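Visitor: Handing over coords-v2.csv, CSV, C-alpha atoms.
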chain,number,residue,atom,x,y,z
N,1,MET,CA,-2.0,-17.1,-53.9
N,2,ALA,CA,-3.3,-19.6,-51.3
N,3,LEU,CA,-0.3,-18.7,-49.0
N,4,VAL,CA,-1.1,-15.0,-49.4
N,5,LYS,CA,-4.8,-15.5,-48.6
N,6,ALA,CA,-3.8,-17.6,-45.5
N,7,ALA,CA,-1.3,-14.9,-44.4
N,8,GLN,CA,-4.1,-12.3,-44.8
N,9,GLN,CA,-6.1,-14.2,-42.3
N,10,GLY,CA,-3.2,-13.8,-39.9
N,11,ASP,CA,-1.5,-17.2,-40.5
N,12,VAL,CA,2.1,-16.6,-39.5
N,13,ALA,CA,3.2,-20.0,-40.7
N,14,ALA,CA,1.9,-19.2,-44.2
N,15,TYR,CA,3.7,-15.9,-44.2
N,16,ASP,CA,6.9,-17.6,-43.1
N,17,ARG,CA,6.8,-19.6,-46.3
N,18,LEU,CA,6.4,-16.4,-48.3
N,19,VAL,CA,9.3,-14.9,-46.4
N,20,ARG,CA,11.5,-17.9,-47.3
N,21,GLU,CA,10.4,-17.8,-50.9
N,22,TYR,CA,11.1,-14.1,-51.5
N,23,ARG,CA,13.9,-13.2,-48.9
N,24,GLY,CA,16.8,-14.0,-51.3
N,25,LYS,CA,15.6,-11.8,-54.1
N,26,LEU,CA,14.5,-9.0,-51.9
N,27,TYR,CA,17.7,-9.1,-50.0
N,28,GLY,CA,19.5,-8.8,-53.3
N,29,LEU,CA,17.5,-5.7,-54.2
N,30,LEU,CA,18.1,-4.1,-50.8
N,31,TYR,CA,21.8,-5.0,-50.7
N,32,ASN,CA,22.4,-3.7,-54.2
N,33,MET,CA,20.5,-0.5,-53.5
N,34,THR,CA,22.4,0.2,-50.3
N,35,SER,CA,25.8,-1.5,-50.8
N,36,ASN,CA,25.7,-2.3,-47.1
N,37,LYS,CA,24.8,-5.8,-45.8
N,38,GLU,CA,23.7,-4.7,-42.3
N,39,ASP,CA,21.4,-2.1,-43.8
N,40,ALA,CA,20.0,-4.6,-46.2
N,41,GLU,CA,19.3,-7.1,-43.3
N,42,ASP,CA,17.5,-4.4,-41.2
N,43,LEU,CA,15.5,-3.3,-44.3
N,44,LEU,CA,14.6,-6.9,-45.1
N,45,GLN,CA,13.0,-7.3,-41.7
N,46,GLU,CA,11.3,-3.9,-41.9
N,47,VAL,CA,9.9,-4.7,-45.4
N,48,PHE,CA,8.5,-8.1,-44.4
N,49,ILE,CA,6.9,-6.8,-41.2
N,50,LYS,CA,5.4,-3.8,-43.0
N,51,ALA,CA,4.1,-6.0,-45.7
N,52,PHE,CA,2.5,-8.3,-43.2
N,53,GLN,CA,0.8,-5.4,-41.5
N,54,SER,CA,-0.4,-4.1,-44.8
N,55,LEU,CA,-1.6,-7.5,-46.1
N,56,PRO,CA,-5.3,-6.7,-45.4
N,57,LYS,CA,-5.0,-3.8,-47.9
N,58,PHE,CA,-3.5,-6.1,-50.6
N,59,LYS,CA,-6.3,-6.6,-53.1
N,60,GLY,CA,-4.5,-8.9,-55.5
N,61,LYS,CA,-4.6,-6.4,-58.4
N,62,SER,CA,-0.9,-7.2,-58.9
N,63,SER,CA,1.1,-10.2,-57.9
N,64,PHE,CA,2.3,-10.5,-54.3
N,65,TYR,CA,5.9,-10.4,-55.8
N,66,THR,CA,5.3,-7.0,-57.5
N,67,TRP,CA,3.5,-5.6,-54.4
N,68,ILE,CA,6.2,-6.5,-51.9
N,69,TYR,CA,8.9,-5.3,-54.3
N,70,ARG,CA,7.1,-2.0,-54.4
N,71,ILE,CA,7.1,-1.7,-50.7
N,72,ALA,CA,10.8,-2.7,-50.6
N,73,ILE,CA,11.7,-0.1,-53.2
N,74,ASN,CA,9.9,2.8,-51.5
N,75,ARG,CA,11.3,1.9,-48.1
N,76,THR,CA,14.8,1.6,-49.4
N,77,ILE,CA,14.6,4.9,-51.3
N,78,ASN,CA,13.4,6.6,-48.1
N,79,PHE,CA,16.1,5.0,-46.1
N,80,VAL,CA,18.9,5.9,-48.5
N,81,LYS,CA,17.7,9.6,-48.5
N,82,ARG,CA,17.9,9.7,-44.7
N,83,ARG,CA,21.3,8.1,-44.4
N,84,ASN,CA,22.9,9.7,-47.5
N,85,ARG,CA,25.6,11.6,-45.7
N,86,LYS,CA,27.0,8.9,-43.6
N,87,GLN,CA,27.0,6.1,-46.1
N,88,THR,CA,29.5,3.3,-45.6
N,89,MET,CA,29.9,0.2,-47.7
N,90,SER,CA,29.9,-3.3,-46.2
N,91,LEU,CA,29.9,-5.9,-48.9
N,92,ASP,CA,28.8,-9.5,-49.1
N,93,LYS,CA,31.2,-12.2,-50.1
N,94,VAL,CA,31.5,-12.9,-53.8
N,95,ASP,CA,30.4,-16.4,-54.8
N,96,GLY,CA,33.2,-18.6,-56.2
N,97,GLY,CA,31.2,-19.1,-59.4
N,98,LEU,CA,32.3,-15.6,-60.6
N,99,GLU,CA,35.6,-16.8,-61.8
N,100,ARG,CA,34.0,-19.4,-64.0
N,101,ASP,CA,31.4,-17.1,-65.4
N,102,PRO,CA,31.8,-16.9,-69.2
N,103,ALA,CA,31.3,-13.1,-69.2
N,104,TYR,CA,34.0,-12.7,-66.5
N,105,VAL,CA,36.4,-15.0,-68.3
N,106,GLU,CA,35.8,-13.1,-71.6
N,107,LEU,CA,36.1,-9.7,-69.9
N,108,SER,CA,39.2,-10.5,-68.1
N,109,SER,CA,40.8,-12.1,-71.2
N,110,ARG,CA,40.1,-9.0,-73.3
N,111,ASN,CA,40.6,-6.4,-70.6
N,112,SER,CA,43.8,-6.2,-68.5
N,113,PRO,CA,42.4,-3.9,-65.8
N,114,ILE,CA,39.8,-6.5,-64.9
N,115,ARG,CA,42.5,-9.2,-64.9
N,116,ASP,CA,44.8,-7.1,-62.8
N,117,ALA,CA,42.2,-6.0,-60.3
N,118,GLY,CA,41.4,-8.5,-57.6
N,119,ILE,CA,37.8,-9.6,-57.4
N,120,SER,CA,37.3,-7.6,-54.2
N,121,GLU,CA,38.6,-4.5,-55.9
N,122,LEU,CA,36.3,-5.0,-58.9
N,123,GLN,CA,33.4,-5.6,-56.4
N,124,GLU,CA,34.2,-2.3,-54.6
N,125,LYS,CA,34.5,-0.4,-57.9
N,126,LEU,CA,31.1,-1.7,-59.1
N,127,ASN,CA,29.4,-0.8,-55.8
N,128,THR,CA,31.0,2.6,-55.8
N,129,ALA,CA,29.8,3.2,-59.3
N,130,LEU,CA,26.3,2.1,-58.5
N,131,GLN,CA,26.1,4.4,-55.5
N,132,THR,CA,26.9,7.4,-57.8
N,133,LEU,CA,23.6,6.8,-59.6
N,134,SER,CA,20.4,8.6,-58.4
N,135,ASP,CA,17.9,6.4,-56.6
N,136,LYS,CA,15.6,6.1,-59.5
N,137,HIS,CA,18.4,5.2,-61.9
N,138,ARG,CA,20.0,2.7,-59.5
N,139,THR,CA,16.6,1.0,-59.0
N,140,VAL,CA,16.2,0.2,-62.7
N,141,VAL,CA,19.8,-1.0,-63.1
N,142,VAL,CA,19.5,-3.2,-60.0
N,143,LEU,CA,16.1,-4.6,-61.1
N,144,HIS,CA,16.9,-5.2,-64.7
N,145,ASP,CA,20.7,-5.6,-65.2
N,146,ILE,CA,21.4,-7.4,-61.9
N,147,GLN,CA,18.2,-9.2,-61.0
N,148,GLY,CA,16.9,-9.7,-64.5
N,149,VAL,CA,13.4,-8.3,-63.9
N,150,PRO,CA,11.7,-7.6,-67.3
N,151,HIS,CA,11.0,-3.9,-68.2
N,152,GLN,CA,7.2,-4.4,-68.1
N,153,GLU,CA,7.4,-5.8,-64.5
N,154,ILE,CA,9.6,-2.9,-63.4
N,155,ALA,CA,7.1,-0.5,-64.8
N,156,LYS,CA,4.4,-2.1,-62.7
N,157,MET,CA,6.6,-2.0,-59.6
N,158,LEU,CA,7.5,1.7,-60.1
N,159,LYS,CA,4.0,2.6,-61.4
N,160,CYS,CA,5.5,4.3,-64.5
N,161,SER,CA,5.5,3.5,-68.2
N,162,GLU,CA,7.8,1.0,-69.8
N,163,GLY,CA,9.3,3.9,-71.8
N,164,THR,CA,10.3,5.7,-68.6
N,165,VAL,CA,12.0,2.5,-67.4
N,166,ARG,CA,13.9,2.2,-70.7
N,167,SER,CA,14.8,5.9,-70.6
N,168,ARG,CA,16.1,5.6,-67.1
N,169,LEU,CA,18.1,2.5,-68.1
N,170,PHE,CA,19.7,4.5,-71.0
N,171,TYR,CA,20.9,7.3,-68.7
N,172,ALA,CA,22.0,5.0,-66.0
N,173,ARG,CA,24.1,2.9,-68.3
N,174,GLN,CA,25.6,5.9,-70.0
N,175,HIS,CA,26.6,7.2,-66.5
N,176,LEU,CA,28.0,3.8,-65.5
N,177,GLN,CA,30.0,3.6,-68.7
N,178,THR,CA,31.8,6.8,-67.6
N,179,GLU,CA,32.2,5.6,-64.0
N,180,LEU,CA,33.6,2.2,-65.1
N,181,ALA,CA,35.6,3.4,-68.0
N,182,GLU,CA,38.7,1.6,-66.9
N,183,PHE,CA,36.9,-1.8,-67.0
N,184,ALA,CA,34.6,-1.2,-70.0
N,185,PRO,CA,36.4,1.3,-72.1
J,1,MET,CA,12.4,4.0,-85.5
J,2,LYS,CA,14.7,5.0,-88.4
J,3,CYS,CA,17.9,3.1,-88.7
J,4,THR,CA,20.4,5.9,-88.3
J,5,CYS,CA,23.6,5.9,-86.3
J,6,THR,CA,22.1,8.1,-83.6
J,7,ASN,CA,19.1,5.9,-83.1
J,8,VAL,CA,21.2,2.7,-83.1
J,9,GLN,CA,23.6,4.1,-80.6
J,10,ARG,CA,20.8,5.1,-78.3
J,11,ALA,CA,19.0,1.8,-78.8
J,12,VAL,CA,22.1,-0.3,-77.7
J,13,TYR,CA,21.9,1.3,-74.3
J,14,GLU,CA,18.1,1.3,-74.1
J,15,PHE,CA,17.2,-2.2,-75.3
J,16,ASP,CA,18.6,-5.6,-74.6
J,17,PRO,CA,20.5,-7.2,-77.5
J,18,SER,CA,17.7,-9.7,-78.1
J,19,GLU,CA,15.2,-6.8,-78.5
J,20,LEU,CA,17.1,-5.1,-81.3
J,21,SER,CA,15.4,-5.4,-84.7
J,22,THR,CA,17.2,-7.2,-87.6
J,23,GLU,CA,17.7,-3.9,-89.3
J,24,PHE,CA,19.5,-2.5,-86.3
J,25,THR,CA,21.6,-5.6,-85.8
J,26,GLU,CA,22.7,-5.6,-89.5
J,27,HIS,CA,23.6,-1.9,-89.1
J,28,ILE,CA,25.7,-2.7,-86.0
J,29,GLU,CA,27.6,-5.4,-88.0
J,30,SER,CA,28.3,-3.1,-90.8
J,31,CYS,CA,29.0,0.2,-89.1
J,32,THR,CA,32.4,0.3,-87.2
J,33,GLN,CA,31.4,3.1,-84.9
J,34,CYS,CA,28.1,1.7,-83.9
J,35,GLY,CA,29.7,-1.8,-83.6
J,36,ALA,CA,32.3,-0.4,-81.1
J,37,ILE,CA,29.6,1.3,-79.0
J,38,HIS,CA,27.5,-1.9,-79.1
J,39,LEU,CA,30.5,-3.8,-77.8
J,40,ARG,CA,31.1,-1.3,-75.0
J,41,ALA,CA,27.4,-1.5,-73.9
J,42,THR,CA,27.5,-5.3,-74.0
J,43,GLN,CA,30.7,-5.3,-71.9
J,44,LEU,CA,29.2,-2.9,-69.4
J,45,ARG,CA,26.1,-5.0,-69.0
J,46,SER,CA,28.1,-8.1,-68.4
J,47,LEU,CA,30.2,-6.3,-65.9
J,48,VAL,CA,27.2,-5.0,-63.9
J,49,ARG,CA,25.6,-8.5,-64.0
J,50,LEU,CA,28.7,-9.8,-62.1
J,51,LYS,CA,27.2,-8.2,-59.0
J,52,ALA,CA,24.7,-11.0,-58.9
J,53,TYR,CA,27.6,-13.2,-57.6
J,54,GLU,CA,27.6,-11.3,-54.3
J,55,GLN,CA,25.7,-13.6,-52.0
J,56,PRO,CA,24.5,-13.0,-48.4
J,57,ASP,CA,25.8,-15.1,-45.6
J,58,PRO,CA,23.2,-17.9,-45.2
J,59,ASP,CA,23.4,-17.6,-41.4
J,60,ALA,CA,22.6,-13.9,-41.6
J,61,LEU,CA,19.6,-14.6,-43.8
J,62,GLN,CA,18.4,-17.3,-41.5
J,63,ARG,CA,18.8,-14.9,-38.5
J,64,CYS,CA,16.8,-12.3,-40.3
J,65,THR,CA,14.0,-14.8,-41.0
J,66,SER,CA,13.8,-15.8,-37.3
J,67,GLU,CA,13.7,-12.2,-36.2
J,68,ILE,CA,10.9,-11.5,-38.7
J,69,HIS,CA,9.0,-14.6,-37.3
J,70,MET,CA,9.4,-13.5,-33.7
J,71,LYS,CA,8.2,-10.0,-34.4
J,72,LEU,CA,5.2,-11.2,-36.3
J,73,VAL,CA,4.2,-13.6,-33.5
J,74,GLU,CA,4.6,-10.7,-31.0
J,75,HIS,CA,2.4,-8.5,-33.3
J,76,GLN,CA,-0.2,-11.2,-33.6
J,77,ASN,CA,-0.2,-11.8,-29.8
J,78,SER,CA,-0.7,-8.2,-29.1
J,79,LEU,CA,-3.6,-8.0,-31.6
J,80,ARG,CA,-5.2,-11.1,-30.0
J,81,HIS,CA,-4.7,-9.6,-26.5
J,82,SER,CA,-6.4,-6.4,-27.5
J,83,LYS,CA,-9.3,-8.3,-29.1
J,84,THR,CA,-9.7,-10.4,-26.0
J,85,PHE,CA,-9.7,-7.3,-23.8
J,86,ASP,CA,-12.4,-5.8,-25.9
J,87,THR,CA,-14.5,-8.9,-25.8
J,88,ALA,CA,-14.1,-9.2,-22.0
J,89,HIS,CA,-14.9,-5.5,-21.4
J,90,PRO,CA,-17.5,-4.6,-24.0
J,91,LEU,CA,-18.4,-1.5,-22.0
J,92,SER,CA,-14.8,-0.1,-22.0
J,93,GLY,CA,-16.2,2.9,-24.0
J,94,TRP,CA,-18.4,3.8,-21.2
J,95,ARG,CA,-15.5,3.8,-18.8
J,96,TYR,CA,-13.9,6.7,-20.7
J,97,GLY,CA,-17.2,8.6,-20.7
J,98,ILE,CA,-17.5,8.1,-16.9
J,99,ALA,CA,-13.9,9.2,-16.3
J,100,GLY,CA,-14.5,12.3,-18.5
J,101,ALA,CA,-17.7,13.2,-16.7
J,102,PHE,CA,-15.9,12.8,-13.3
J,103,PHE,CA,-13.1,15.0,-14.4
J,104,CYS,CA,-15.5,17.7,-15.6
J,105,LEU,CA,-17.2,17.5,-12.2
J,106,ILE,CA,-13.9,18.1,-10.4
J,107,LEU,CA,-13.3,21.1,-12.6
J,108,LEU,CA,-16.7,22.5,-12.0
J,109,ASN,CA,-16.3,22.0,-8.3
J,110,GLY,CA,-13.1,23.9,-8.3
J,111,PHE,CA,-14.7,26.7,-10.2
J,112,ILE,CA,-17.7,27.0,-7.9
J,113,ALA,CA,-15.4,26.9,-4.8
J,114,GLY,CA,-13.4,29.8,-6.2
J,115,GLN,CA,-16.6,31.9,-6.6
J,116,LEU,CA,-18.0,31.3,-3.1
J,117,PRO,CA,-17.0,33.6,-0.2
J,118,SER,CA,-14.3,32.2,2.1
J,119,LEU,CA,-15.8,30.8,5.3
J,120,GLU,CA,-13.0,32.3,7.4
J,121,THR,CA,-12.6,35.8,6.1
J,122,GLY,CA,-15.8,36.3,4.2
J,123,MET,CA,-13.8,37.3,1.1
J,124,THR,CA,-13.9,35.7,-2.3
J,125,ALA,CA,-10.8,34.1,-3.7
J,126,GLU,CA,-10.4,37.0,-6.1
J,127,GLU,CA,-10.4,39.5,-3.2
J,128,LEU,CA,-7.9,37.4,-1.4
J,129,ALA,CA,-5.5,37.1,-4.3
J,130,PRO,CA,-2.5,39.6,-4.2
J,131,SER,CA,-3.2,42.8,-6.1
J,132,ARG,CA,-0.6,44.3,-8.3
J,133,SER,CA,0.0,47.5,-6.2
J,134,PRO,CA,2.1,45.8,-3.5
J,135,VAL,CA,4.4,44.5,-6.1
J,136,LEU,CA,4.7,48.0,-7.5
J,137,PHE,CA,5.5,49.3,-4.0
J,138,ALA,CA,7.9,46.5,-3.4
J,139,SER,CA,9.9,47.3,-6.6
J,140,THR,CA,10.0,51.0,-5.7
J,141,ASN,CA,10.7,50.5,-2.0
J,142,HIS,CA,14.3,51.8,-2.4
J,143,HIS,CA,12.9,55.3,-2.8
J,144,ASN,CA,12.0,55.0,0.9
J,145,PHE,CA,8.2,55.1,0.4
J,146,ASN,CA,6.5,54.5,3.7
J,147,ILE,CA,4.4,51.5,2.9
J,148,PRO,CA,1.8,50.7,5.5
J,149,SER,CA,1.9,47.1,6.5
J,150,SER,CA,-1.8,46.6,5.8
J,151,THR,CA,-1.1,46.9,2.0
J,152,SER,CA,1.2,43.9,1.8
J,153,LEU,CA,-1.0,40.9,1.4
J,154,PHE,CA,1.2,37.9,1.1
J,155,PRO,CA,-0.2,35.5,3.7
J,156,SER,CA,2.1,33.1,5.5
J,157,ASN,CA,1.7,30.7,8.4
J,158,ASN,CA,3.4,31.3,11.7
J,159,SER,CA,4.1,28.6,14.2
J,160,SER,CA,0.7,28.9,15.8
J,161,GLY,CA,-1.0,28.0,12.5
J,162,ARG,CA,-2.7,31.3,12.2
J,163,SER,CA,-2.6,33.3,9.0
J,164,VAL,CA,-0.6,36.5,9.3
J,165,LEU,CA,0.3,39.2,6.8
J,166,THR,CA,3.9,39.7,5.6
J,167,THR,CA,5.2,43.2,5.7
J,168,PHE,CA,7.8,44.8,3.5
J,169,ASP,CA,10.6,46.5,5.4
I'd like the structure from this file rewritten - as C-alpha cells, please.

Guide:
Amino acid sequence: MALVKAAQQGDVAAYDRLVREYRGKLYGLLYNMTSNKEDAEDLLQEVFIKAFQSLPKFKGKSSFYTWIYRIAINRTINFVKRRNRKQTMSLDKVDGGLERDPAYVELSSRNSPIRDAGISELQEKLNTALQTLSDKHRTVVVLHDIQGVPHQEIAKMLKCSEGTVRSRLFYARQHLQTELAEFAP
Amino acid sequence: MKCTCTNVQRAVYEFDPSELSTEFTEHIESCTQCGAIHLRATQLRSLVRLKAYEQPDPDALQRCTSEIHMKLVEHQNSLRHSKTFDTAHPLSGWRYGIAGAFFCLILLNGFIAGQLPSLETGMTAEELAPSRSPVLFASTNHHNFNIPSSTSLFPSNNSSGRSVLTTFD
C-alpha cells in the first residue's frame, strides 16, 4: 500500500516496483485473453500507463491488484471487440515443466490423443478452444482455471455476484468440453 | 441443494472438487454416470490449467517494462513542464482574454468599414457588390439580348491601375 501511495504522489520509481510485481500475472491474463503475445505486450503497456494516470482516482476501496485487473479486463475486452475479425494467434513458448506436470503425465497416459499430439499442437488446440468462448466466459476461465483467482475475487473484479461467476464458469466449461472433446472425452 | 443426479452433474462444472459437499462426493463415488461426468470435468480442468505453462519471453517482458518506464517519465515531465509554465505565467488566462478582445475588435472594425460609404465612389459596399441581374443576363446572353455595358458590374484592374467595368459581349 505504501508503494501505491508513493505512486499516487507521482513517484515513478515506486510505480516501477508495482509494475515488476504485477507484470507477470497481468501479462498472463492479457495473453490468455488474446492468444497473441504481441497484442498482450501492447496491452500490458497500455494498462500500466492508464492505471498510472488513473491512480489519483484510486481510493483504496479494493486492493490495487483487484483494481488494476479490472482495468486490464475492460481494456482487453474492448480491444478484442475491435480486432475480432482479423484475429491471429501468436503463442508463447511452453515451459519445459509441462511434461513433468502430474496432470499432463496422467492425461497423456490415459488419453492417446494427448500423447499423440505434440505439445505445440495441444497448445494451439487449447488456444483455439478458448477463443471460441465469449469474452465474459473466457475471462472467468482465464482468471479461475488458469490463473487460480478465487471466485470471490473474480466477482469483485467483474463487479458481479459470485453466483454469476460460477454460472459463467459452468457454461464456459461445458462449451470447452465440446470443443476439446478429443482430449477430454 | 438436493443431492440428485441433475444437481450433482451441474455442481461438478460449477464448483471446484474441494468445494463439493460430502453428500455430493459420496453420490459421485456411488453413481456411475455422475462419476464419469465428474472425471470428464476434472480432466478438462487439468487440461485447461496446462495453459499456465505458456510463459512470456523474459526479454520481451523486460522491454515492456522499460517502455512503460520511459512513457511514464515522459508523462511526468510534461506535467511538470505545464505546472512550471503556469507558475511562471500566472496571468496566462488574461492573455486569452486580451487575444479574444482583440479578435472581436478586428471583426467590429471590418463590419463598420463595410457599412461606411466608399471614399472613392461614394457608394457603400452593398451597393458596390454585384447584383443578381447581370448574372441572369449573362446566362441568357445566347438569346442575343442587347445588354448595355453599364449593367455589368464586375470591376477589374487595367494596366493603369484604374478601376474599369467588364462588359459582356

Visitor: List as a list in words the protein and nucleic acid residues near Glu182 in chain N, meaning an atom at most 12 Å away when all atoms listed in the file are counted, but skip any in the same chain fewer than 3 places from it.

Guide: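 Neighbouring residues, sequence-local ones excluded: Leu107, Asn111, Ser112, Pro113, Ile114, Arg115, Asp116, Ala117, Leu122, Lys125, Leu126, Ala129, Leu176, Gln177, Thr178, Glu179 and Pro185 of chain N; Arg40, Gln43, Leu44 and Leu47 of chain J.
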
Visitor: Taking into account only C-alpha atoms, which residue in the set J:Ile106, J:Glu23, J:Pro17, J:Val48 is nearest to Met1 in chain J?

Guide: J:Glu23

Visitor: What lies within 7 Å of range 39-55 of chain N using only C-alpha atoms, ignoring chain neighbours under 3 positions off, as a ChimeraX atom specification?

Guide: /N:8,27,30-31,34,36,58,68,71-72 /J:64,68,72

Visitor: Using all atoms listed in the file, find each residue in chain N having at least one atom no more than 9 Å away from chain J; report its shortest atom-to-atom pair and that distance in Å (one decimal), rows by chain then rising number, as CSV.

Guide:
residue,atom,partner,partner_atom,distance
N:Gly10,CA,J:Gln76,CA,7.4
N:Val12,CA,J:Leu72,CA,7.0
N:Ala13,CA,J:His69,CA,8.6
N:Tyr15,CA,J:His69,CA,8.8
N:Asp16,CA,J:His69,CA,6.9
N:Val19,CA,J:Thr65,CA,7.2
N:Arg20,CA,J:Thr65,CA,7.5
N:Arg23,CA,J:Leu61,CA,7.8
N:Gly24,CA,J:Leu61,CA,8.0
N:Tyr27,CA,J:Pro56,CA,8.0
N:Gly28,CA,J:Gln55,CA,7.9
N:Tyr31,CA,J:Pro56,CA,8.8
N:Asn32,CA,J:Lys51,CA,8.1
N:Lys37,CA,J:Pro56,CA,7.7
N:Glu41,CA,J:Cys64,CA,6.5
N:Asp42,CA,J:Cys64,CA,8.0
N:Leu44,CA,J:Cys64,CA,7.6
N:Gln45,CA,J:Ile68,CA,5.6
N:Glu46,CA,J:Ile68,CA,8.3
N:Phe48,CA,J:Ile68,CA,7.1
N:Ile49,CA,J:Ile68,CA,6.7
N:Phe52,CA,J:Leu72,CA,8.0
N:Gln53,CA,J:His75,CA,8.9
N:Leu91,CA,J:Glu54,CA,8.0
N:Asp92,CA,J:Pro56,CA,5.6
N:Lys93,CA,J:Glu54,CA,5.6
N:Val94,CA,J:Glu54,CA,4.2
N:Asp95,CA,J:Tyr53,CA,5.1
N:Gly96,CA,J:Tyr53,CA,7.9
N:Gly97,CA,J:Tyr53,CA,7.1
N:Leu98,CA,J:Tyr53,CA,6.1
N:Asp101,CA,J:Leu50,CA,8.5
N:Ala103,CA,J:Ser46,CA,6.0
N:Tyr104,CA,J:Leu47,CA,7.5
N:Leu107,CA,J:Gln43,CA,7.2
N:Gln123,CA,J:Lys51,CA,7.2
N:Leu126,CA,J:Val48,CA,7.0
N:Asn127,CA,J:Lys51,CA,8.4
N:Leu130,CA,J:Val48,CA,9.0
N:Val141,CA,J:Val48,CA,8.4
N:Val142,CA,J:Val48,CA,8.8
N:Asp145,CA,J:Arg49,CA,5.8
N:Ile146,CA,J:Arg49,CA,4.8
N:Gln147,CA,J:Ala52,CA,7.1
N:Gly148,CA,J:Arg49,CA,8.8
N:Arg166,CA,J:Glu14,CA,5.5
N:Ser167,CA,J:Glu14,CA,6.7
N:Arg168,CA,J:Glu14,CA,8.5
N:Leu169,CA,J:Glu14,CA,6.1
N:Phe170,CA,J:Glu14,CA,4.7
N:Tyr171,CA,J:Tyr13,CA,8.3
N:Arg173,CA,J:Tyr13,CA,6.6
N:Gln174,CA,J:Tyr13,CA,7.3
N:Leu176,CA,J:Leu44,CA,7.8
N:Gln177,CA,J:Leu44,CA,6.6
N:Leu180,CA,J:Leu44,CA,8.0
N:Phe183,CA,J:Leu44,CA,8.1
N:Ala184,CA,J:Leu44,CA,5.7
N:Pro185,CA,J:Arg40,CA,6.6

Visitor: Hey, which of N:Pro56, N:Thr128, N:Thr164, N:Tyr22 ends up closest to Ala6 in chain N? Count only C-alpha atoms.

Guide: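 Among the listed residues, N:Pro56 lies closest to Ala6 in chain N.
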
Visitor: What is the CA of Lys2 in chain J to CA of Ala155 in chain N distance in Å?

Guide: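 CA of Lys2 in chain J sits 25.4 Å away from CA of Ala155 in chain N.
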
Visitor: How far is it from CA of Lys136 in chain N to CA of Tyr65 in chain N, in Å with one decimal?

Guide: 19.5 Å
